[in-house]
Amino acid sequence: MADVAPYSYPHRHLLGIEGLVPGEISALLDLSESYVEQSRRDDKKVAVLKGRTVINVFFETSTRTRTSFELAGKRLGADVINISPDISAIKKGETLLDTALTLNAMRPDLLVVRHPQSGAVHLLSEKVDGAVINAGDGWHEHPTQALLDALTIRRRLGGLSGLTVAICGDIMHSRVARSNIHLLPAEMDRFGVEVFHDMRAGLDGVDIVMMLRLQTERMQGSFVPSVREYFHFFGLDARKLAAARPDALVMHPGPMNRGVEIDSDVADDIHRSLIQEQVEMGVAVRMACLDLLTRKLQSNRAEAA
Ligand code: NCD
C-alpha cells in the first residue's frame with residue numbers, strides 16, 4: 001500500500017514522459033493501482049501528504065486535469081489551492097517568472113502547472129524550490145495524461161506489450177499525442193510509430209483507437225475546410241471503427257467534440273469506450289505522482305540538511 005511504497009522516484013519534477021525509463025513508468029503505474037482501490041472506498045483519504053501544500057496553477061482552461069489534481073491532493077491529505085489567470089495578477093501583466101517566484105515564496109511543496117507555451121513549465125521548474133508537475137505545456141507534453149491512458153489500457157487488457165494503438169486526429173497540436181508517443185513505444189518495445197493519412201488504413205487491425213480533439217485554439221488560420229468535411233474524413237464513427245479489431249477499444253482524453261472527431265454512438269458505447277475509465281484513472285495516477293514526488297522532495301531535503 002502507499003504508506004510502505006519502497007520505490008524511490010529518481011527525478012525532482014515530472015515535466016514529461018521523455019526522460020523517463022520504462023521501469024519508472026511501470027513503478028508509477030503500479031503505485032497508481034493502489035490508489036484506484038483507495039479511491040473506490042467510502043473513506044478515500046490517506047495522510048501521505050499531510051501538512052503539504054499543493055498549488056495548481058492553470059494558465060489555460062481545464063476541467064478534468066485540474067479537478068483530478070485537486071482531488072488527488074485532497075485524497076492524500078494536502079492543502080490544495082487553485083490559481084487561474086481570470087482571478088490572479090497574471091491578468092494585470094505579471095510575468096510567468098514573477099508569478100512563479102511569488103508562489104515559491106509561500107513555500108508550496110508541489111506546483112502543478114498548465115501553460116499555453118511549450119517549455120514554460122520547464123522554465124518555471126528551474127525557479128522554484130518545490131517539485132513541479134507539468135499538467136500540459138502548449139503542444140509539448142502532458143505526462144499524467146499519457147500515464148492515465150497507459151493505466152487504463154493496462155487494466156483493461158492486462159498489459160501494454162504487443163498492442164497496436166492508433167492515435168488519431170489533430171496530432172500536430174496535441175501534447176497528449178506527444179506524451180503517448182514517448183510512453184507507448186517505450187513500453188511496448190516494438191515498431192515505434194507509423195504515420196497514416198487515411199483513417200481506414202490507419203485503423204486496420206488496431207487494438208485501441210485513441211481520438212484527439214481538433215485544437216482550434218492552437219491554430220492560426222484554418223487547418224480544415226469545414227467541420228463536416230473533417231468528420232467525414234477523420235471523425236470516428238462505427239463504419240471507420242469497423243476497420244479495427246472487432247473488440248477494439250476507444251479512448252479520448254476529453255474534452256470531446258461530438259460530431260467533429262467522434263460520433264456519439266462510438267463515444268457512448270459501453271462495451272468499447274474507455275473514456276469514463278480514463279477519467280477515473282486520472283485521479284489515481286495523479287495521486288501516485290504527487291506521492292512519489294513528495295517522497296523525493298523529502299529525501300532531497302533530508303540530504304541537504
Ligand atoms: C487535453 C489537453 O488539455 O491537452 N485534455 C486533457 O487534459 N484532458 C486534450 C485537449 O485539450 O484536447
# chains A, B, ... in the order shown; residues from 1 in each chain; ligands from 1
$ residues_around --residues "stretch 273-285 of chain A" --least-positions-apart "4" --cutoff "6 Å" --atoms "only C-alpha atoms" --output "VMD selection string"
chain A and resid 32 35 to 36 68 72 148 152 249 to 252 267 269
$ select_by_dssp --residues "stretch 251-304 of chain A" --states "helix (DSSP H, G or I)" --output "PyMOL selection string"
chain A and resi 264-267+275-304
$ closest_atom_pairs --of "chain A" --to "ligand 1" --cutoff "6 Å" --atoms "only C-alpha atoms and all ligand atoms" --output "CSV"
residue,atom,partner,partner_atom_place_in_ligand_line,distance
A:Arg64,CA,ligand 1,8 (N),5.6
A:Thr65,CA,ligand 1,7 (O),5.2
A:Gly136,CA,ligand 1,4 (O),5.8
A:Arg175,CA,ligand 1,4 (O),5.7
A:Val176,CA,ligand 1,4 (O),5.5
A:Arg213,CA,ligand 1,12 (O),4.5
A:Pro253,CA,ligand 1,8 (N),4.5
A:Gly254,CA,ligand 1,8 (N),4.7
A:Pro255,CA,ligand 1,12 (O),5.7
$ write_last_selection --atoms "C-alpha atoms" --output "PDB file, in the first residue's frame"
ATOM      1  CA  ARG A  64     -10.613  17.017 -15.887  1.00  0.00           C
ATOM      2  CA  THR A  65      -6.957  17.698 -15.224  1.00  0.00           C
ATOM      3  CA  GLY A 136       0.191  20.302 -20.134  1.00  0.00           C
ATOM      4  CA  ARG A 175       0.657  17.334 -26.240  1.00  0.00           C
ATOM      5  CA  VAL A 176      -1.394  14.232 -25.409  1.00  0.00           C
ATOM      6  CA  ARG A 213      -9.775  16.905 -30.204  1.00  0.00           C
ATOM      7  CA  PRO A 253      -8.664  12.449 -23.324  1.00  0.00           C
ATOM      8  CA  GLY A 254     -11.573  14.901 -23.337  1.00  0.00           C
ATOM      9  CA  PRO A 255     -12.998  17.405 -23.811  1.00  0.00           C
TER      10      PRO A 255
END
$ atom_distance --atom1 "atom CA of A:Met287" --atom2 "atom CA of A:Asp30"
11.8 Å
$ atom_distance --atom1 "atom CA of A:Asp170" --atom2 "atom CA of A:Arg228"
15.2 Å
$ closest_residue --among "A:Arg272, A:Arg155, A:Lys127, A:Arg66" --to "A:Leu96" --atoms "only C-alpha atoms"
A:Lys127
$ residues_around --residues "A:Gly169" --least-positions-apart "3" --cutoff "12 Å" --atoms "only C-alpha atoms" --output "count of residues only"
33
$ closest_residue --among "A:Gly93, A:Gly19, A:Pro116, A:Gly162" --to "A:Ile208" --atoms "only C-alpha atoms"
A:Gly162
$ atom_distance --atom1 "atom CA of A:Tyr7" --atom2 "atom CA of A:Leu123"
27.6 Å
$ residues_around --residues "A:Phe58" --least-positions-apart "3" --cutoff "8 Å" --atoms "only C-alpha atoms" --output "list in words"
Thr61, Ser62, Arg66, Asn82, Ile83, Ser84, Pro85, Val112, Val113, Arg114 and His115 of chain A
$ select_by_dssp --residues "stretch 149-280 of chain A" --states "strand (DSSP E or B)" --output "list of chain:residue names"
A:Val165, A:Ala166, A:Ile167, A:Cys168, A:Ile208, A:Val209, A:Met210, A:Met211, A:Leu236, A:Leu249, A:Val250, A:Met251, A:Arg258, A:Ile262, A:Ser273
$ write_last_selection --atoms "N, CA and C atoms" --output "mmCIF file, in the first residue's frame"
data_model
loop_
_atom_site.group_PDB
_atom_site.id
_atom_site.type_symbol
_atom_site.label_atom_id
_atom_site.label_comp_id
_atom_site.auth_asym_id
_atom_site.auth_seq_id
_atom_site.Cartn_x
_atom_site.Cartn_y
_atom_site.Cartn_z
ATOM 1 N N VAL A 165 -1.797 0.721 -31.137
ATOM 2 C CA VAL A 165 -2.664 1.840 -30.754
ATOM 3 C C VAL A 165 -2.662 2.856 -31.886
ATOM 4 N N ALA A 166 -3.847 3.224 -32.372
ATOM 5 C CA ALA A 166 -3.938 4.281 -33.385
ATOM 6 C C ALA A 166 -4.271 5.591 -32.680
ATOM 7 N N ILE A 167 -3.377 6.569 -32.751
ATOM 8 C CA ILE A 167 -3.640 7.895 -32.186
ATOM 9 C C ILE A 167 -4.107 8.756 -33.358
ATOM 10 N N CYS A 168 -5.343 9.258 -33.290
ATOM 11 C CA CYS A 168 -5.961 9.845 -34.493
ATOM 12 C C CYS A 168 -6.416 11.281 -34.278
ATOM 13 N N ILE A 208 -6.513 -0.472 -30.143
ATOM 14 C CA ILE A 208 -7.029 0.716 -29.450
ATOM 15 C C ILE A 208 -7.088 1.873 -30.438
ATOM 16 N N VAL A 209 -8.181 2.613 -30.394
ATOM 17 C CA VAL A 209 -8.283 3.837 -31.192
ATOM 18 C C VAL A 209 -8.369 5.007 -30.212
ATOM 19 N N MET A 210 -7.339 5.838 -30.220
ATOM 20 C CA MET A 210 -7.304 6.982 -29.317
ATOM 21 C C MET A 210 -7.593 8.241 -30.130
ATOM 22 N N MET A 211 -8.738 8.855 -29.896
ATOM 23 C CA MET A 211 -9.118 10.035 -30.675
ATOM 24 C C MET A 211 -8.656 11.310 -29.962
ATOM 25 N N LEU A 236 -14.317 9.605 -35.955
ATOM 26 C CA LEU A 236 -14.501 8.164 -35.715
ATOM 27 C C LEU A 236 -15.985 7.852 -35.588
ATOM 28 N N LEU A 249 -10.905 -1.079 -28.610
ATOM 29 C CA LEU A 249 -11.421 -0.145 -27.601
ATOM 30 C C LEU A 249 -11.175 1.293 -28.044
ATOM 31 N N VAL A 250 -12.033 2.191 -27.569
ATOM 32 C CA VAL A 250 -11.967 3.593 -27.988
ATOM 33 C C VAL A 250 -11.616 4.473 -26.781
ATOM 34 N N MET A 251 -10.681 5.403 -27.014
ATOM 35 C CA MET A 251 -10.282 6.330 -25.939
ATOM 36 C C MET A 251 -10.343 7.772 -26.441
ATOM 37 N N ARG A 258 -18.273 16.126 -29.957
ATOM 38 C CA ARG A 258 -19.093 15.108 -30.633
ATOM 39 C C ARG A 258 -19.457 15.605 -32.018
ATOM 40 N N ILE A 262 -15.456 12.652 -33.112
ATOM 41 C CA ILE A 262 -16.006 11.368 -32.658
ATOM 42 C C ILE A 262 -17.527 11.410 -32.694
ATOM 43 N N SER A 273 -16.031 1.908 -25.288
ATOM 44 C CA SER A 273 -15.459 3.195 -24.907
ATOM 45 C C SER A 273 -14.845 3.147 -23.505
#
$ residues_around --residues "A:Gly205" --least-positions-apart "5" --cutoff "10 Å" --atoms "only C-alpha atoms" --output "list in words"
Thr164, Val165, Ala166, Arg200, Leu241, Ala242, Ala243, Ala244, Arg245, Pro246, Asp247 and Ala248 of chain A
$ write_last_selection --atoms "C-alpha atoms" --output "PDB file, in the first residue's frame"
ATOM      1  CA  THR A 164      -1.270  -1.562 -31.689  1.00  0.00           C
ATOM      2  CA  VAL A 165      -2.664   1.840 -30.754  1.00  0.00           C
ATOM      3  CA  ALA A 166      -3.938   4.281 -33.385  1.00  0.00           C
ATOM      4  CA  ARG A 200      -9.345   3.167 -42.570  1.00  0.00           C
ATOM      5  CA  LEU A 241     -14.148   1.689 -36.391  1.00  0.00           C
ATOM      6  CA  ALA A 242     -15.104  -1.484 -38.274  1.00  0.00           C
ATOM      7  CA  ALA A 243     -11.596  -1.438 -39.798  1.00  0.00           C
ATOM      8  CA  ALA A 244     -10.088  -2.007 -36.331  1.00  0.00           C
ATOM      9  CA  ARG A 245     -10.182  -5.338 -34.489  1.00  0.00           C
ATOM     10  CA  PRO A 246     -13.755  -6.414 -33.689  1.00  0.00           C
ATOM     11  CA  ASP A 247     -13.072  -5.903 -29.965  1.00  0.00           C
ATOM     12  CA  ALA A 248     -11.045  -2.704 -30.395  1.00  0.00           C
TER      13      ALA A 248
END
$ residues_around --residues "A:Thr102" --least-positions-apart "3" --cutoff "12 Å" --atoms "only C-alpha atoms" --output "PDB file with all heavy atoms, in the first residue's frame"
ATOM      1  N   ILE A  55      -0.086  23.676  -5.054  1.00  0.00           N
ATOM      2  CA  ILE A  55      -0.750  24.777  -5.768  1.00  0.00           C
ATOM      3  C   ILE A  55      -0.932  24.370  -7.230  1.00  0.00           C
ATOM      4  O   ILE A  55       0.035  24.022  -7.910  1.00  0.00           O
ATOM      5  CB  ILE A  55       0.043  26.103  -5.676  1.00  0.00           C
ATOM      6  CG1 ILE A  55       0.353  26.448  -4.210  1.00  0.00           C
ATOM      7  CG2 ILE A  55      -0.762  27.240  -6.302  1.00  0.00           C
ATOM      8  CD1 ILE A  55       0.981  27.820  -3.996  1.00  0.00           C
ATOM      9  N   SER A  88      -6.230  35.948 -11.002  1.00  0.00           N
ATOM     10  CA  SER A  88      -4.913  36.229 -10.434  1.00  0.00           C
ATOM     11  C   SER A  88      -4.300  37.464 -11.086  1.00  0.00           C
ATOM     12  O   SER A  88      -4.836  38.019 -12.033  1.00  0.00           O
ATOM     13  CB  SER A  88      -3.991  35.036 -10.659  1.00  0.00           C
ATOM     14  OG  SER A  88      -3.751  34.903 -12.040  1.00  0.00           O
ATOM     15  N   ALA A  89      -3.131  37.840 -10.574  1.00  0.00           N
ATOM     16  CA  ALA A  89      -2.454  39.036 -11.089  1.00  0.00           C
ATOM     17  C   ALA A  89      -1.869  38.827 -12.482  1.00  0.00           C
ATOM     18  O   ALA A  89      -1.336  39.754 -13.080  1.00  0.00           O
ATOM     19  CB  ALA A  89      -1.351  39.447 -10.117  1.00  0.00           C
ATOM     20  N   ILE A  90      -1.970  37.594 -12.992  1.00  0.00           N
ATOM     21  CA  ILE A  90      -1.488  37.324 -14.350  1.00  0.00           C
ATOM     22  C   ILE A  90      -2.203  38.259 -15.321  1.00  0.00           C
ATOM     23  O   ILE A  90      -1.624  38.771 -16.262  1.00  0.00           O
ATOM     24  CB  ILE A  90      -1.748  35.845 -14.714  1.00  0.00           C
ATOM     25  CG1 ILE A  90      -0.955  34.953 -13.769  1.00  0.00           C
ATOM     26  CG2 ILE A  90      -1.400  35.555 -16.163  1.00  0.00           C
ATOM     27  CD1 ILE A  90      -1.487  33.554 -13.615  1.00  0.00           C
ATOM     28  N   GLU A  94       1.571  40.483 -14.827  1.00  0.00           N
ATOM     29  CA  GLU A  94       2.715  39.863 -14.159  1.00  0.00           C
ATOM     30  C   GLU A  94       3.315  38.788 -15.069  1.00  0.00           C
ATOM     31  O   GLU A  94       2.578  38.034 -15.701  1.00  0.00           O
ATOM     32  CB  GLU A  94       2.248  39.234 -12.840  1.00  0.00           C
ATOM     33  CG  GLU A  94       3.372  38.719 -11.982  1.00  0.00           C
ATOM     34  CD  GLU A  94       2.891  38.262 -10.607  1.00  0.00           C
ATOM     35  OE1 GLU A  94       2.210  37.229 -10.523  1.00  0.00           O
ATOM     36  OE2 GLU A  94       3.186  38.961  -9.626  1.00  0.00           O
ATOM     37  N   THR A  95       4.636  38.706 -15.094  1.00  0.00           N
ATOM     38  CA  THR A  95       5.259  37.682 -15.953  1.00  0.00           C
ATOM     39  C   THR A  95       5.162  36.315 -15.279  1.00  0.00           C
ATOM     40  O   THR A  95       4.973  36.213 -14.071  1.00  0.00           O
ATOM     41  CB  THR A  95       6.754  37.977 -16.204  1.00  0.00           C
ATOM     42  OG1 THR A  95       7.441  37.843 -14.946  1.00  0.00           O
ATOM     43  CG2 THR A  95       6.970  39.356 -16.778  1.00  0.00           C
ATOM     44  N   LEU A  96       5.368  35.299 -16.104  1.00  0.00           N
ATOM     45  CA  LEU A  96       5.335  33.928 -15.586  1.00  0.00           C
ATOM     46  C   LEU A  96       6.350  33.745 -14.463  1.00  0.00           C
ATOM     47  O   LEU A  96       6.056  33.151 -13.431  1.00  0.00           O
ATOM     48  CB  LEU A  96       5.643  32.961 -16.741  1.00  0.00           C
ATOM     49  CG  LEU A  96       5.830  31.499 -16.354  1.00  0.00           C
ATOM     50  CD1 LEU A  96       4.536  30.900 -15.834  1.00  0.00           C
ATOM     51  CD2 LEU A  96       6.329  30.695 -17.552  1.00  0.00           C
ATOM     52  N   LEU A  97       7.552  34.305 -14.651  1.00  0.00           N
ATOM     53  CA  LEU A  97       8.587  34.088 -13.648  1.00  0.00           C
ATOM     54  C   LEU A  97       8.286  34.835 -12.362  1.00  0.00           C
ATOM     55  O   LEU A  97       8.548  34.327 -11.268  1.00  0.00           O
ATOM     56  CB  LEU A  97       9.953  34.474 -14.203  1.00  0.00           C
ATOM     57  CG  LEU A  97      10.438  33.517 -15.294  1.00  0.00           C
ATOM     58  CD1 LEU A  97      11.829  33.880 -15.767  1.00  0.00           C
ATOM     59  CD2 LEU A  97      10.394  32.062 -14.838  1.00  0.00           C
ATOM     60  N   ASP A  98       7.703  36.023 -12.469  1.00  0.00           N
ATOM     61  CA  ASP A  98       7.317  36.732 -11.241  1.00  0.00           C
ATOM     62  C   ASP A  98       6.218  35.974 -10.507  1.00  0.00           C
ATOM     63  O   ASP A  98       6.223  35.881  -9.278  1.00  0.00           O
ATOM     64  CB  ASP A  98       6.872  38.164 -11.558  1.00  0.00           C
ATOM     65  CG  ASP A  98       8.077  39.074 -11.797  1.00  0.00           C
ATOM     66  OD1 ASP A  98       9.155  38.780 -11.243  1.00  0.00           O
ATOM     67  OD2 ASP A  98       7.944  40.063 -12.550  1.00  0.00           O
ATOM     68  N   THR A  99       5.272  35.430 -11.276  1.00  0.00           N
ATOM     69  CA  THR A  99       4.227  34.623 -10.644  1.00  0.00           C
ATOM     70  C   THR A  99       4.864  33.431  -9.941  1.00  0.00           C
ATOM     71  O   THR A  99       4.526  33.104  -8.794  1.00  0.00           O
ATOM     72  CB  THR A  99       3.218  34.117 -11.708  1.00  0.00           C
ATOM     73  OG1 THR A  99       2.706  35.237 -12.411  1.00  0.00           O
ATOM     74  CG2 THR A  99       2.073  33.359 -11.079  1.00  0.00           C
ATOM     75  N   ALA A 105       7.551  31.836  -2.823  1.00  0.00           N
ATOM     76  CA  ALA A 105       7.767  32.451  -1.513  1.00  0.00           C
ATOM     77  C   ALA A 105       6.762  31.950  -0.475  1.00  0.00           C
ATOM     78  O   ALA A 105       6.985  32.080   0.727  1.00  0.00           O
ATOM     79  CB  ALA A 105       7.689  33.974  -1.647  1.00  0.00           C
ATOM     80  N   MET A 106       5.666  31.378  -0.935  1.00  0.00           N
ATOM     81  CA  MET A 106       4.669  30.831   0.011  1.00  0.00           C
ATOM     82  C   MET A 106       4.995  29.383   0.371  1.00  0.00           C
ATOM     83  O   MET A 106       4.216  28.713   1.008  1.00  0.00           O
ATOM     84  CB  MET A 106       3.279  30.941  -0.608  1.00  0.00           C
ATOM     85  CG  MET A 106       2.873  32.382  -0.862  1.00  0.00           C
ATOM     86  SD  MET A 106       1.230  32.465  -1.576  1.00  0.00           S
ATOM     87  CE  MET A 106       1.274  34.091  -2.308  1.00  0.00           C
ATOM     88  N   ARG A 107       6.116  28.903  -0.093  1.00  0.00           N
ATOM     89  CA  ARG A 107       6.648  27.585   0.244  1.00  0.00           C
ATOM     90  C   ARG A 107       5.728  26.415  -0.084  1.00  0.00           C
ATOM     91  O   ARG A 107       5.464  25.565   0.770  1.00  0.00           O
ATOM     92  CB  ARG A 107       7.065  27.536   1.711  1.00  0.00           C
ATOM     93  CG  ARG A 107       8.050  28.639   2.085  1.00  0.00           C
ATOM     94  CD  ARG A 107       8.565  28.493   3.486  1.00  0.00           C
ATOM     95  NE  ARG A 107       9.451  27.345   3.615  1.00  0.00           N
ATOM     96  CZ  ARG A 107      10.759  27.370   3.350  1.00  0.00           C
ATOM     97  NH1 ARG A 107      11.323  28.479   2.927  1.00  0.00           N
ATOM     98  NH2 ARG A 107      11.502  26.292   3.483  1.00  0.00           N
ATOM     99  N   PRO A 108       5.235  26.371  -1.317  1.00  0.00           N
ATOM    100  CA  PRO A 108       4.468  25.180  -1.687  1.00  0.00           C
ATOM    101  C   PRO A 108       5.421  23.992  -1.840  1.00  0.00           C
ATOM    102  O   PRO A 108       6.590  24.180  -2.172  1.00  0.00           O
ATOM    103  CB  PRO A 108       3.875  25.548  -3.063  1.00  0.00           C
ATOM    104  CG  PRO A 108       4.862  26.513  -3.632  1.00  0.00           C
ATOM    105  CD  PRO A 108       5.430  27.289  -2.456  1.00  0.00           C
ATOM    106  N   LEU A 124       9.732  27.393 -15.459  1.00  0.00           N
ATOM    107  CA  LEU A 124       9.238  27.675 -14.104  1.00  0.00           C
ATOM    108  C   LEU A 124       9.871  26.719 -13.089  1.00  0.00           C
ATOM    109  O   LEU A 124      10.218  27.120 -11.974  1.00  0.00           O
ATOM    110  CB  LEU A 124       7.719  27.543 -14.130  1.00  0.00           C
ATOM    111  CG  LEU A 124       6.940  27.955 -12.903  1.00  0.00           C
ATOM    112  CD1 LEU A 124       5.625  28.602 -13.325  1.00  0.00           C
ATOM    113  CD2 LEU A 124       6.646  26.779 -12.010  1.00  0.00           C
ATOM    114  N   LYS A 127      12.976  27.737 -11.287  1.00  0.00           N
ATOM    115  CA  LYS A 127      12.950  28.912 -10.408  1.00  0.00           C
ATOM    116  C   LYS A 127      12.350  28.636  -9.039  1.00  0.00           C
ATOM    117  O   LYS A 127      12.266  29.534  -8.211  1.00  0.00           O
ATOM    118  CB  LYS A 127      12.122  30.044 -11.065  1.00  0.00           C
ATOM    119  CG  LYS A 127      12.583  30.419 -12.445  1.00  0.00           C
ATOM    120  CD  LYS A 127      13.890  31.191 -12.400  1.00  0.00           C
ATOM    121  CE  LYS A 127      14.464  31.357 -13.793  1.00  0.00           C
ATOM    122  NZ  LYS A 127      15.852  31.769 -13.796  1.00  0.00           N
ATOM    123  N   VAL A 128      11.860  27.435  -8.816  1.00  0.00           N
ATOM    124  CA  VAL A 128      11.159  27.174  -7.558  1.00  0.00           C
ATOM    125  C   VAL A 128      11.856  26.081  -6.755  1.00  0.00           C
ATOM    126  O   VAL A 128      12.631  25.294  -7.293  1.00  0.00           O
ATOM    127  CB  VAL A 128       9.672  26.789  -7.815  1.00  0.00           C
ATOM    128  CG1 VAL A 128       8.936  27.940  -8.485  1.00  0.00           C
ATOM    129  CG2 VAL A 128       9.559  25.517  -8.639  1.00  0.00           C
ATOM    130  N   ASP A 129      11.558  26.055  -5.462  1.00  0.00           N
ATOM    131  CA  ASP A 129      12.224  25.090  -4.587  1.00  0.00           C
ATOM    132  C   ASP A 129      11.496  23.755  -4.512  1.00  0.00           C
ATOM    133  O   ASP A 129      12.086  22.740  -4.171  1.00  0.00           O
ATOM    134  CB  ASP A 129      12.327  25.679  -3.170  1.00  0.00           C
ATOM    135  CG  ASP A 129      13.131  26.971  -3.179  1.00  0.00           C
ATOM    136  OD1 ASP A 129      14.209  26.979  -3.805  1.00  0.00           O
ATOM    137  OD2 ASP A 129      12.675  27.979  -2.594  1.00  0.00           O
TER     138      ASP A 129
END
$ closest_residue --among "A:Glu217, A:Glu141, A:Glu37, A:Asp43" --to "A:Gly77" --atoms "only C-alpha atoms"
A:Asp43
$ closest_residue --among "A:Lys50, A:Leu157, A:Gln220, A:Ile17" --to "A:Asn134" --atoms "only C-alpha atoms"
A:Ile17
$ residues_around --residues "A:Arg301" --least-positions-apart "5" --cutoff "12 Å" --atoms "only C-alpha atoms" --output "PyMOL selection string"
chain A and resi 12+109+129-131+294-296
$ closest_residue --among "A:Ala288, A:Val46, A:Val121, A:Leu110" --to "A:Ile25" --atoms "only C-alpha atoms"
A:Ala288
$ decode --residues "stretch 73-87 of chain A" --atoms "N, CA, C and O atoms" --output "mmCIF file, in the first residue's frame"
data_model
loop_
_atom_site.group_PDB
_atom_site.id
_atom_site.type_symbol
_atom_site.label_atom_id
_atom_site.label_comp_id
_atom_site.auth_asym_id
_atom_site.auth_seq_id
_atom_site.Cartn_x
_atom_site.Cartn_y
_atom_site.Cartn_z
ATOM 1 N N GLY A 73 -4.738 15.594 -4.588
ATOM 2 C CA GLY A 73 -4.065 16.233 -3.453
ATOM 3 C C GLY A 73 -4.888 16.102 -2.181
ATOM 4 O O GLY A 73 -4.368 15.786 -1.104
ATOM 5 N N LYS A 74 -6.195 16.322 -2.302
ATOM 6 C CA LYS A 74 -7.056 16.274 -1.111
ATOM 7 C C LYS A 74 -7.176 14.852 -0.573
ATOM 8 O O LYS A 74 -7.215 14.643 0.632
ATOM 9 N N ARG A 75 -7.242 13.885 -1.484
ATOM 10 C CA ARG A 75 -7.327 12.494 -1.010
ATOM 11 C C ARG A 75 -6.056 12.071 -0.292
ATOM 12 O O ARG A 75 -6.064 11.155 0.508
ATOM 13 N N LEU A 76 -4.965 12.751 -0.574
ATOM 14 C CA LEU A 76 -3.707 12.437 0.108
ATOM 15 C C LEU A 76 -3.486 13.346 1.321
ATOM 16 O O LEU A 76 -2.429 13.312 1.946
ATOM 17 N N GLY A 77 -4.470 14.174 1.625
ATOM 18 C CA GLY A 77 -4.414 14.980 2.846
ATOM 19 C C GLY A 77 -3.673 16.296 2.731
ATOM 20 O O GLY A 77 -3.380 16.941 3.741
ATOM 21 N N ALA A 78 -3.335 16.736 1.506
ATOM 22 C CA ALA A 78 -2.609 18.010 1.347
ATOM 23 C C ALA A 78 -3.571 19.199 1.392
ATOM 24 O O ALA A 78 -4.782 19.035 1.217
ATOM 25 N N ASP A 79 -3.026 20.376 1.611
ATOM 26 C CA ASP A 79 -3.794 21.602 1.373
ATOM 27 C C ASP A 79 -3.615 21.937 -0.091
ATOM 28 O O ASP A 79 -2.480 22.030 -0.568
ATOM 29 N N VAL A 80 -4.734 22.115 -0.801
ATOM 30 C CA VAL A 80 -4.655 22.344 -2.246
ATOM 31 C C VAL A 80 -5.285 23.692 -2.582
ATOM 32 O O VAL A 80 -6.379 24.010 -2.124
ATOM 33 N N ILE A 81 -4.566 24.465 -3.364
ATOM 34 C CA ILE A 81 -5.054 25.781 -3.795
ATOM 35 C C ILE A 81 -5.032 25.827 -5.315
ATOM 36 O O ILE A 81 -4.107 25.288 -5.935
ATOM 37 N N ASN A 82 -6.042 26.455 -5.898
ATOM 38 C CA ASN A 82 -6.085 26.578 -7.362
ATOM 39 C C ASN A 82 -5.938 28.035 -7.778
ATOM 40 O O ASN A 82 -6.579 28.900 -7.197
ATOM 41 N N ILE A 83 -5.117 28.254 -8.772
ATOM 42 C CA ILE A 83 -4.959 29.616 -9.302
ATOM 43 C C ILE A 83 -5.207 29.586 -10.802
ATOM 44 O O ILE A 83 -4.685 28.714 -11.497
ATOM 45 N N SER A 84 -6.014 30.501 -11.278
ATOM 46 C CA SER A 84 -6.215 30.573 -12.726
ATOM 47 C C SER A 84 -6.064 32.024 -13.165
ATOM 48 O O SER A 84 -6.209 32.942 -12.362
ATOM 49 N N PRO A 85 -5.762 32.252 -14.445
ATOM 50 C CA PRO A 85 -5.481 33.618 -14.910
ATOM 51 C C PRO A 85 -6.617 34.595 -14.647
ATOM 52 O O PRO A 85 -6.376 35.768 -14.369
ATOM 53 N N ASP A 86 -7.856 34.116 -14.672
ATOM 54 C CA ASP A 86 -9.001 35.029 -14.508
ATOM 55 C C ASP A 86 -9.009 35.709 -13.144
ATOM 56 O O ASP A 86 -9.506 36.801 -12.986
ATOM 57 N N ILE A 87 -8.493 34.990 -12.127
ATOM 58 C CA ILE A 87 -8.615 35.534 -10.779
ATOM 59 C C ILE A 87 -7.268 35.921 -10.182
ATOM 60 O O ILE A 87 -7.147 36.187 -9.005
#
